[in-house]
2 protein chains.
Amino acid sequence: MTASKLYIVGLGPGPAAMRTPQAEAALEAADDLVGYGPYLARLPERAGQRRHASDNREELDRARLALDLAAQGRTVAVCSGGDAGVFAMAAAVFEAVEQGEPHWRTLEIEVVAGVSAMFAAAARLGAPLGGDFCAISLSDNLKPWEVVLRRLRAAADAGFVIALYNPLSRARAWQLGATFEALREVLPRETAVAFCAAIGRPDEAIAITDLENADPALADMRTLVLIGAAMTRAIPRPDGRPWLYTPRSVAERA
Amino acid sequence: MTASKLYIVGLGPGPAAMRTPQAEAALEAADDLVGYGPYLARLPERAGQRRHASDNREELDRARLALDLAAQGRTVAVCSGGDAGVFAMAAAVFEAVEQGEPHWRTLEIEVVAGVSAMFAAAARLGAPLGGDFCAISLSDNLKPWEVVLRRLRAAADAGFVIALYNPLSRARAWQLGATFEALREVLPRETAVAFCAAIGRPDEAIAITDLENADPALADMRTLVLIGAAMTRAIPRPDGRPWLYTPRSVAERA
């Protein structure tokens, strides 16, 4: 029997061309793939490999299943979209390790980094993350809304570009609107806002607007919302969308 | 003559196994590679391809050279370590576009996202970025130190995990120490701090400590410094380094 191993793999934004060879090797080595159904569906079938597809709200259960399989001597790949460490499966697995069987701590675990949704989206827009930036998940089943609001205000006030993950869900419709409202109190109305969905995939959709006109209806569950700093600017182009970029330099008192 | 194109390519942290096929294709298509010398040195030589290696402080000059070559009809790849949009070449190129020749705005430019240093480092540590997080460059030739300090305090106070880029340079030695001092006023002394250098490369070096004992001497120019949130915790392992992770959930009043 080969030694078991648990990989936590960042699949990138979707296309195989945006997935690292390291991630491909982990997927190929695995006896079992564990992940959210739509992510697994994007991967080629391999003979003898088992798939354990689950709903996207069952992260801890999925992590425990993967750890249990690895503890049985199997090589397991837990599959995450984007980078595995960014609002994805890596934290859930280590949470399960901490709370779970003592022998899970002896398992060989390797997190395989990937191209995150926020960086893939930024690349399509230009260089909106050119300065300091932050990432905030709006998912409020994991933290109180007051914490989210406090982080949004602190980040905007201090001049960070903000990447918003999980802007909407079936159970959650008002948070993105409340986010824009809170940010309008801190940032200029003309601050750039970009809605980026399905980056690199055939149904890719990008909308650029400003904070004044940012409409939560432009987002769905899959959307990454980027909110510029006051310094973020657009470079108009004769053809096509403007480039968005945030200058690397900050003037005195910015 | 083929149409010219300017790629801005994220090479990832170093090893080819952490570079996307999309990045490899851009490198292969290029007539000219433009970038910081040590990054170019990691890439295989290709017959007929020209290399323009430069010092790491000449980002705008390098961007203008690349734009000029593309405007002459050549296919150019500007090479960045990690992700091209994160304290790397993408912002410099768009800054040069904005300030430069009007016809540069008609060039075809494609930013190719990569695995960033912060996510590669996080993957080796466990899941330290499991909650909300931010990235701050300590490079103060681009922004006043007061701005850096304000962002550090705001981020720590609001509960973000912090990834520090450019912690030191030849010209700059005191900033990282001043950073730890400022953060000790906001965060518990036992907050996890990790120093990560050359991730994925043969000389990879990782040191985990806490804010009380964080010593700037543990960093050099290549080091990514991760500072946990108050919630970030270590999972001890019988063998090897502890795993670091930040729980996804935040309790009331966190």
# chains A, B, ... in the order shown; residues from 1 in each chain; ligands from 1
call {"tool": "residues_around", "arguments": {"residues": "Val250 (chain B)", "least_positions_apart": "3", "cutoff": "10 Å", "atoms": "only C-alpha atoms", "output": "ChimeraX atom specification"}}
result
/A:140-144,147-148 /B:131,159,231,246-247,253-254
call {"tool": "interface_residues", "arguments": {"of": "chain B", "to": "chain A", "cutoff": "7 Å", "atoms": "only C-alpha atoms", "output": "PyMOL selection string"}}
result
chain B and resi 17-22+85-87+90-91+94-95+98+105-106+111-115+119-120+123-124+126-127+129-137+142-144+150-151+154-155+158+235+237-238+245-252
call {"tool": "residues_around", "arguments": {"residues": "Ala219 (chain A)", "least_positions_apart": "6", "cutoff": "9 Å", "atoms": "only C-alpha atoms", "output": "list in words"}}
result
Pro167, Leu168, Leu176, Phe195, Cys196, Ala197 and Val225 of chain A
call {"tool": "closest_residue", "arguments": {"among": "B:Ser4, B:Thr223, B:Thr191, B:Ser80", "to": "Asp203 (chain B)", "atoms": "only C-alpha atoms"}}
result
B:Thr223
call {"tool": "select_by_dssp", "arguments": {"residues": "region 72-214 of chain A", "states": "strand (DSSP E)", "output": "PyMOL selection string"}}
result
chain A and resi 75-80+109-112+126-127+133-137+161-165+192-197+205-210
call {"tool": "select_by_dssp", "arguments": {"residues": "region 16-230 of chain A", "states": "helix (DSSP H, G or I)", "output": "ChimeraX atom specification"}}
result
/A:16-18,21-29,37-41,59-71,89-99,102-106,117-125,145-158,175-184,211-213,216-218
call {"tool": "residues_around", "arguments": {"residues": "Leu183 (chain B)", "least_positions_apart": "2", "cutoff": "8 Å", "atoms": "only C-alpha atoms", "output": "list in words"}}
result
Leu152, Arg153, Ala156, Thr179, Phe180, Glu181, Glu185, Val186, Leu187 and Leu211 of chain B
call {"tool": "write_last_selection", "arguments": {"atoms": "C-alpha atoms", "output": "PDB file, in the first residue's frame"}}
result
ATOM      1  CA  LEU B 152      -1.370  48.459   9.179  1.00  0.00           C
ATOM      2  CA  ARG B 153      -3.283  49.704  12.223  1.00  0.00           C
ATOM      3  CA  ALA B 156      -5.017  44.754  12.393  1.00  0.00           C
ATOM      4  CA  THR B 179       5.703  47.616  11.657  1.00  0.00           C
ATOM      5  CA  PHE B 180       5.963  45.023  14.416  1.00  0.00           C
ATOM      6  CA  GLU B 181       6.029  47.790  17.025  1.00  0.00           C
ATOM      7  CA  GLU B 185      -0.135  48.142  20.114  1.00  0.00           C
ATOM      8  CA  VAL B 186      -3.172  46.602  18.406  1.00  0.00           C
ATOM      9  CA  LEU B 187      -2.739  42.828  18.405  1.00  0.00           C
ATOM     10  CA  LEU B 211       4.444  39.099  17.450  1.00  0.00           C
TER      11      LEU B 211
END
call {"tool": "atom_distance", "arguments": {"atom1": "CA of Glu59 (chain A)", "atom2": "CA of Leu11 (chain A)"}}
result
16.4 Å
call {"tool": "residues_around", "arguments": {"residues": "Glu212 (chain B)", "least_positions_apart": "5", "cutoff": "8 Å", "atoms": "only C-alpha atoms", "output": "PyMOL selection string"}}
result
chain B and resi 184+189-191
call {"tool": "decode", "arguments": {"residues": "region 205-244 of chain B", "atoms": "C-alpha atoms", "output": "short mmCIF file (atom, residue, chain, number, x, y, z; two decimals), in the first residue's frame"}}
result
data_model
loop_
_atom_site.label_atom_id
_atom_site.label_comp_id
_atom_site.auth_asym_id
_atom_site.auth_seq_id
_atom_site.Cartn_x
_atom_site.Cartn_y
_atom_site.Cartn_z
CA ALA B 205 12.89 28.92 4.35
CA ILE B 206 9.97 29.27 6.75
CA ALA B 207 10.08 30.54 10.34
CA ILE B 208 7.03 30.73 12.57
CA THR B 209 7.03 32.86 15.69
CA ASP B 210 4.73 35.34 17.44
CA LEU B 211 4.44 39.10 17.45
CA GLU B 212 6.30 39.34 20.78
CA ASN B 213 9.32 37.63 19.29
CA ALA B 214 9.07 38.72 15.67
CA ASP B 215 12.54 39.87 14.69
CA PRO B 216 13.11 41.85 11.48
CA ALA B 217 16.42 40.02 11.10
CA LEU B 218 14.39 36.95 10.08
CA ALA B 219 13.44 38.72 6.82
CA ASP B 220 15.32 39.73 3.73
CA MET B 221 14.21 41.27 0.42
CA ARG B 222 12.62 38.03 -0.74
CA THR B 223 10.60 37.34 2.39
CA LEU B 224 6.82 37.37 2.57
CA VAL B 225 5.78 38.12 6.16
CA LEU B 226 2.35 36.90 7.24
CA ILE B 227 0.83 38.35 10.39
CA GLY B 228 -2.15 36.54 11.78
CA ALA B 229 -5.36 37.99 13.11
CA ALA B 230 -5.99 37.54 16.82
CA MET B 231 -8.01 34.44 15.86
CA THR B 232 -5.23 32.77 13.86
CA ARG B 233 -4.08 29.62 15.63
CA ALA B 234 -1.52 26.85 15.46
CA ILE B 235 -2.30 23.14 15.31
CA PRO B 236 0.68 21.30 16.82
CA ARG B 237 1.86 18.22 14.95
CA PRO B 238 3.81 15.29 16.34
CA ASP B 239 6.34 15.77 13.53
CA GLY B 240 7.30 19.02 11.91
CA ARG B 241 6.03 22.56 11.98
CA PRO B 242 2.58 23.32 13.36
CA TRP B 243 -0.15 24.11 10.88
CA LEU B 244 -1.34 27.72 11.00
#
